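Data from work.pdb: PDB, C-alpha atoms, pLDDT in the B column
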```
ATOM      1  CA  MET Q   1     -38.002  -7.084   7.704  1.00 40.00           C
ATOM      2  CA  ASN Q   2     -37.356 -10.208   5.668  1.00 41.00           C
ATOM      3  CA  VAL Q   3     -35.684 -12.973   7.721  1.00 42.00           C
ATOM      4  CA  ASP Q   4     -33.198 -13.731   4.914  1.00 43.00           C
ATOM      5  CA  ASN Q   5     -32.271 -10.050   4.662  1.00 45.00           C
ATOM      6  CA  GLU Q   6     -31.872  -9.823   8.456  1.00 42.00           C
ATOM      7  CA  PHE Q   7     -29.522 -12.827   8.464  1.00 44.00           C
ATOM      8  CA  GLN Q   8     -27.418 -11.269   5.689  1.00 51.00           C
ATOM      9  CA  THR Q   9     -26.954  -8.049   7.656  1.00 75.00           C
ATOM     10  CA  THR Q  10     -26.380  -9.736  11.013  1.00 86.00           C
ATOM     11  CA  CYS Q  11     -22.807  -9.189  12.202  1.00 89.00           C
ATOM     12  CA  ALA Q  12     -20.478 -12.156  12.555  1.00 90.00           C
ATOM     13  CA  VAL Q  13     -20.789 -12.210  16.362  1.00 88.00           C
ATOM     14  CA  CYS Q  14     -24.588 -12.207  16.405  1.00 89.00           C
ATOM     15  CA  ARG Q  15     -24.660 -14.746  13.573  1.00 88.00           C
ATOM     16  CA  HIS Q  16     -22.306 -16.962  15.595  1.00 87.00           C
ATOM     17  CA  GLN Q  17     -24.683 -16.646  18.562  1.00 86.00           C
ATOM     18  CA  ARG Q  18     -27.638 -17.346  16.248  1.00 87.00           C
ATOM     19  CA  ARG Q  19     -29.439 -14.114  16.983  1.00 85.00           C
ATOM     20  CA  GLY Q  20     -30.269 -10.963  15.085  1.00 85.00           C
ATOM     21  CA  CYS Q  21     -28.267  -7.784  15.462  1.00 87.00           C
ATOM     22  CA  GLU Q  22     -29.775  -4.944  17.379  1.00 85.00           C
ATOM     23  CA  GLU Q  23     -29.807  -1.608  15.605  1.00 82.00           C
ATOM     24  CA  ASN Q  24     -26.685  -0.305  17.361  1.00 85.00           C
ATOM     25  CA  CYS Q  25     -24.817  -3.579  17.885  1.00 88.00           C
ATOM     26  CA  VAL Q  26     -21.342  -2.843  19.269  1.00 83.00           C
ATOM     27  CA  TYR Q  27     -19.884  -5.865  17.471  1.00 86.00           C
ATOM     28  CA  ALA Q  28     -21.129  -4.941  13.987  1.00 88.00           C
ATOM     29  CA  MET Q  29     -18.521  -2.203  13.532  1.00 87.00           C
ATOM     30  CA  TYR Q  30     -15.593  -4.527  14.097  1.00 88.00           C
ATOM     31  CA  PHE Q  31     -16.975  -7.918  13.047  1.00 90.00           C
ATOM     32  CA  PRO Q  32     -19.215  -7.334   9.999  1.00 90.00           C
ATOM     33  CA  ALA Q  33     -21.150 -10.180   8.392  1.00 88.00           C
ATOM     34  CA  GLU Q  34     -18.759 -10.449   5.438  1.00 91.00           C
ATOM     35  CA  ARG Q  35     -15.862 -11.148   7.844  1.00 91.00           C
ATOM     36  CA  ALA Q  36     -17.528 -14.213   9.424  1.00 90.00           C
ATOM     37  CA  GLU Q  37     -14.601 -16.550   8.727  1.00 93.00           C
ATOM     38  CA  ASP Q  38     -12.137 -14.018  10.111  1.00 94.00           C
ATOM     39  CA  PHE Q  39     -14.331 -13.625  13.189  1.00 93.00           C
ATOM     40  CA  GLU Q  40     -14.395 -17.401  13.723  1.00 94.00           C
ATOM     41  CA  ASN Q  41     -10.573 -17.386  13.747  1.00 95.00           C
ATOM     42  CA  VAL Q  42     -10.524 -14.514  16.269  1.00 95.00           C
ATOM     43  CA  HIS Q  43     -13.166 -16.231  18.366  1.00 95.00           C
ATOM     44  CA  ALA Q  44     -11.199 -19.508  18.400  1.00 94.00           C
ATOM     45  CA  LEU Q  45      -7.948 -17.801  19.422  1.00 94.00           C
ATOM     46  CA  PHE Q  46      -9.092 -15.043  21.787  1.00 94.00           C
ATOM     47  CA  GLY Q  47     -12.794 -15.493  22.505  1.00 93.00           C
ATOM     48  CA  ILE Q  48     -15.188 -12.623  21.876  1.00 88.00           C
ATOM     49  CA  ASN Q  49     -14.903 -11.113  25.362  1.00 90.00           C
ATOM     50  CA  THR Q  50     -11.116 -10.882  25.211  1.00 94.00           C
ATOM     51  CA  ALA Q  51     -11.192  -9.576  21.643  1.00 92.00           C
ATOM     52  CA  MET Q  52     -13.630  -6.831  22.626  1.00 90.00           C
ATOM     53  CA  LYS Q  53     -11.559  -5.982  25.718  1.00 93.00           C
ATOM     54  CA  ILE Q  54      -8.515  -5.597  23.462  1.00 94.00           C
ATOM     55  CA  ILE Q  55     -10.456  -3.402  21.034  1.00 91.00           C
ATOM     56  CA  SER Q  56     -11.930  -1.325  23.873  1.00 89.00           C
ATOM     57  CA  SER Q  57      -8.510  -0.829  25.466  1.00 94.00           C
ATOM     58  CA  VAL Q  58      -7.233   1.338  22.597  1.00 93.00           C
ATOM     59  CA  GLU Q  59      -8.276   4.822  21.541  1.00 94.00           C
ATOM     60  CA  GLU Q  60     -11.364   4.930  19.355  1.00 90.00           C
ATOM     61  CA  LYS Q  61      -9.372   6.099  16.326  1.00 94.00           C
ATOM     62  CA  ASP Q  62      -7.244   2.907  16.516  1.00 94.00           C
ATOM     63  CA  ARG Q  63     -10.029   0.363  17.004  1.00 91.00           C
ATOM     64  CA  PHE Q  64     -10.501  -0.642  13.366  1.00 92.00           C
ATOM     65  CA  THR Q  65      -6.756  -1.177  13.005  1.00 95.00           C
ATOM     66  CA  THR Q  66      -6.810  -3.215  16.197  1.00 95.00           C
ATOM     67  CA  ALA Q  67      -9.630  -5.390  14.841  1.00 94.00           C
ATOM     68  CA  GLU Q  68      -7.665  -5.908  11.603  1.00 95.00           C
ATOM     69  CA  THR Q  69      -4.634  -6.878  13.683  1.00 94.00           C
ATOM     70  CA  LEU Q  70      -6.710  -9.429  15.587  1.00 95.00           C
ATOM     71  CA  PHE Q  71      -7.962 -10.848  12.271  1.00 95.00           C
ATOM     72  CA  LEU Q  72      -4.412 -11.155  10.944  1.00 94.00           C
ATOM     73  CA  GLU Q  73      -2.962 -12.646  14.111  1.00 93.00           C
ATOM     74  CA  ALA Q  74      -5.762 -15.206  14.367  1.00 95.00           C
ATOM     75  CA  LYS Q  75      -5.369 -16.149  10.691  1.00 94.00           C
ATOM     76  CA  LEU Q  76      -1.598 -16.589  11.038  1.00 93.00           C
ATOM     77  CA  ARG Q  77      -2.021 -18.590  14.245  1.00 93.00           C
ATOM     78  CA  LYS Q  78      -4.539 -20.852  12.488  1.00 93.00           C
ATOM     79  CA  GLN Q  79      -2.136 -21.377   9.577  1.00 91.00           C
ATOM     80  CA  ASN Q  80       0.803 -22.068  11.877  1.00 90.00           C
ATOM     81  CA  PRO Q  81      -0.275 -22.989  15.431  1.00 90.00           C
ATOM     82  CA  VAL Q  82       3.293 -23.207  16.747  1.00 90.00           C
ATOM     83  CA  HIS Q  83       4.910 -19.996  15.504  1.00 89.00           C
ATOM     84  CA  GLY Q  84       1.912 -17.995  14.269  1.00 86.00           C
ATOM     85  CA  PRO Q  85       2.727 -14.356  13.546  1.00 89.00           C
ATOM     86  CA  VAL Q  86       6.309 -14.713  14.767  1.00 91.00           C
ATOM     87  CA  GLU Q  87       7.205 -16.823  11.735  1.00 90.00           C
ATOM     88  CA  GLU Q  88       5.676 -14.229   9.427  1.00 89.00           C
ATOM     89  CA  GLU Q  89       7.627 -11.489  11.186  1.00 92.00           C
ATOM     90  CA  MET Q  90      10.871 -13.449  10.812  1.00 94.00           C
ATOM     91  CA  ARG Q  91      10.151 -14.024   7.112  1.00 93.00           C
ATOM     92  CA  LEU Q  92       9.481 -10.314   6.576  1.00 95.00           C
ATOM     93  CA  GLN Q  93      12.623  -9.333   8.507  1.00 97.00           C
ATOM     94  CA  GLU Q  94      14.633 -11.627   6.248  1.00 97.00           C
ATOM     95  CA  GLN Q  95      13.127  -9.969   3.170  1.00 98.00           C
ATOM     96  CA  ILE Q  96      13.961  -6.540   4.581  1.00 98.00           C
ATOM     97  CA  GLU Q  97      17.572  -7.548   5.200  1.00 98.00           C
ATOM     98  CA  LYS Q  98      17.896  -8.923   1.658  1.00 98.00           C
ATOM     99  CA  ALA Q  99      16.433  -5.711   0.239  1.00 98.00           C
ATOM    100  CA  LYS Q 100      18.813  -3.593   2.349  1.00 98.00           C
ATOM    101  CA  ASN Q 101      21.789  -5.628   1.171  1.00 98.00           C
ATOM    102  CA  GLU Q 102      20.690  -5.344  -2.453  1.00 98.00           C
ATOM    103  CA  LEU Q 103      20.152  -1.591  -2.062  1.00 98.00           C
ATOM    104  CA  GLU Q 104      23.625  -1.174  -0.577  1.00 98.00           C
ATOM    105  CA  LYS Q 105      25.109  -3.183  -3.455  1.00 97.00           C
ATOM    106  CA  VAL Q 106      23.330  -0.964  -5.999  1.00 97.00           C
ATOM    107  CA  ARG Q 107      24.511   2.179  -4.194  1.00 97.00           C
ATOM    108  CA  ARG Q 108      28.119   0.937  -4.335  1.00 96.00           C
ATOM    109  CA  GLN Q 109      27.735   0.219  -8.054  1.00 95.00           C
ATOM    110  CA  ILE Q 110      26.338   3.713  -8.646  1.00 95.00           C
ATOM    111  CA  MET Q 111      29.246   5.274  -6.734  1.00 94.00           C
ATOM    112  CA  HIS Q 112      31.680   3.152  -8.740  1.00 93.00           C
ATOM    113  CA  PHE Q 113      30.120   4.223 -12.047  1.00 90.00           C
ATOM    114  CA  GLN Q 114      30.042   7.877 -11.001  1.00 90.00           C
ATOM    115  CA  GLN Q 115      33.733   7.770 -10.029  1.00 89.00           C
ATOM    116  CA  ASN Q 116      34.684   6.079 -13.291  1.00 87.00           C
ATOM    117  CA  LYS Q 117      32.519   8.444 -15.377  1.00 81.00           C
ATOM    118  CA  GLY Q 118      35.080  11.211 -15.003  1.00 64.00           C
ATOM    119  CA  SER Q 119      38.004   8.987 -16.042  1.00 60.00           C
TER     120      SER Q 119
END
```
Represent the structure of the file as structure tokens.
Amino acid sequence: MNVDNEFQTTCAVCRHQRRGCEENCVYAMYFPAERAEDFENVHALFGINTAMKIISSVEEKDRFTTAETLFLEAKLRKQNPVHGPVEEEMRLQEQIEKAKNELEKVRRQIMHFQQNKGS
């Protein structure tokens, strides 16, 4: 195998450890080579052992979603070390409330127009 080709297919964990991936590397499924930057964020926040414990603690069908959640949480924590994902959650909750209020306003307008349609 070509060394350059091997490095390109090495998962983010093995690349970080400066070694080649074994054929059935347990990290490759969750930390592929193209997600190296995301892995570095996860590694900085959780460490690889904790991240893998988190992934292993959920049912197999939920492991990819769990890895994506770790990527997102680590990215948000890197962007905002103080509030991290909590700030994003608060921002999204505010958007939801605004949308609910706007929807209620539109519903009232529709009811008003429907009542006045018969007049």
>> Translate the PyMOL selection byres ((chain Q and resi 20-25) around 8) into a concrete residue list for this structure, as a ChimeraX atom specification.
In response: /Q:6-7,9-11,14-15,18-19,26-29
> Could you write out as number ranges by chain the residues that the PyMOL selection byres ((chain Q and resi 65-81) around 10) matches in the shown file?
Replying inline: Q: 29-31, 35, 37-46, 51-52, 54-64, 82-88
> Can you tell me how far CA of Gln17 (chain Q) sits from CA of Gly47 (chain Q), in Å to one decimal?
Replying inline: 12.6 Å
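For the atom pair formed by CA of Ile48 (chain Q) and CA of Ala12 (chain Q), the distance is 10.7 Å, given to one decimal.
Rounded to one decimal, CA of Asn101 (chain Q) and CA of Glu89 (chain Q) lie 18.3 Å from each other.
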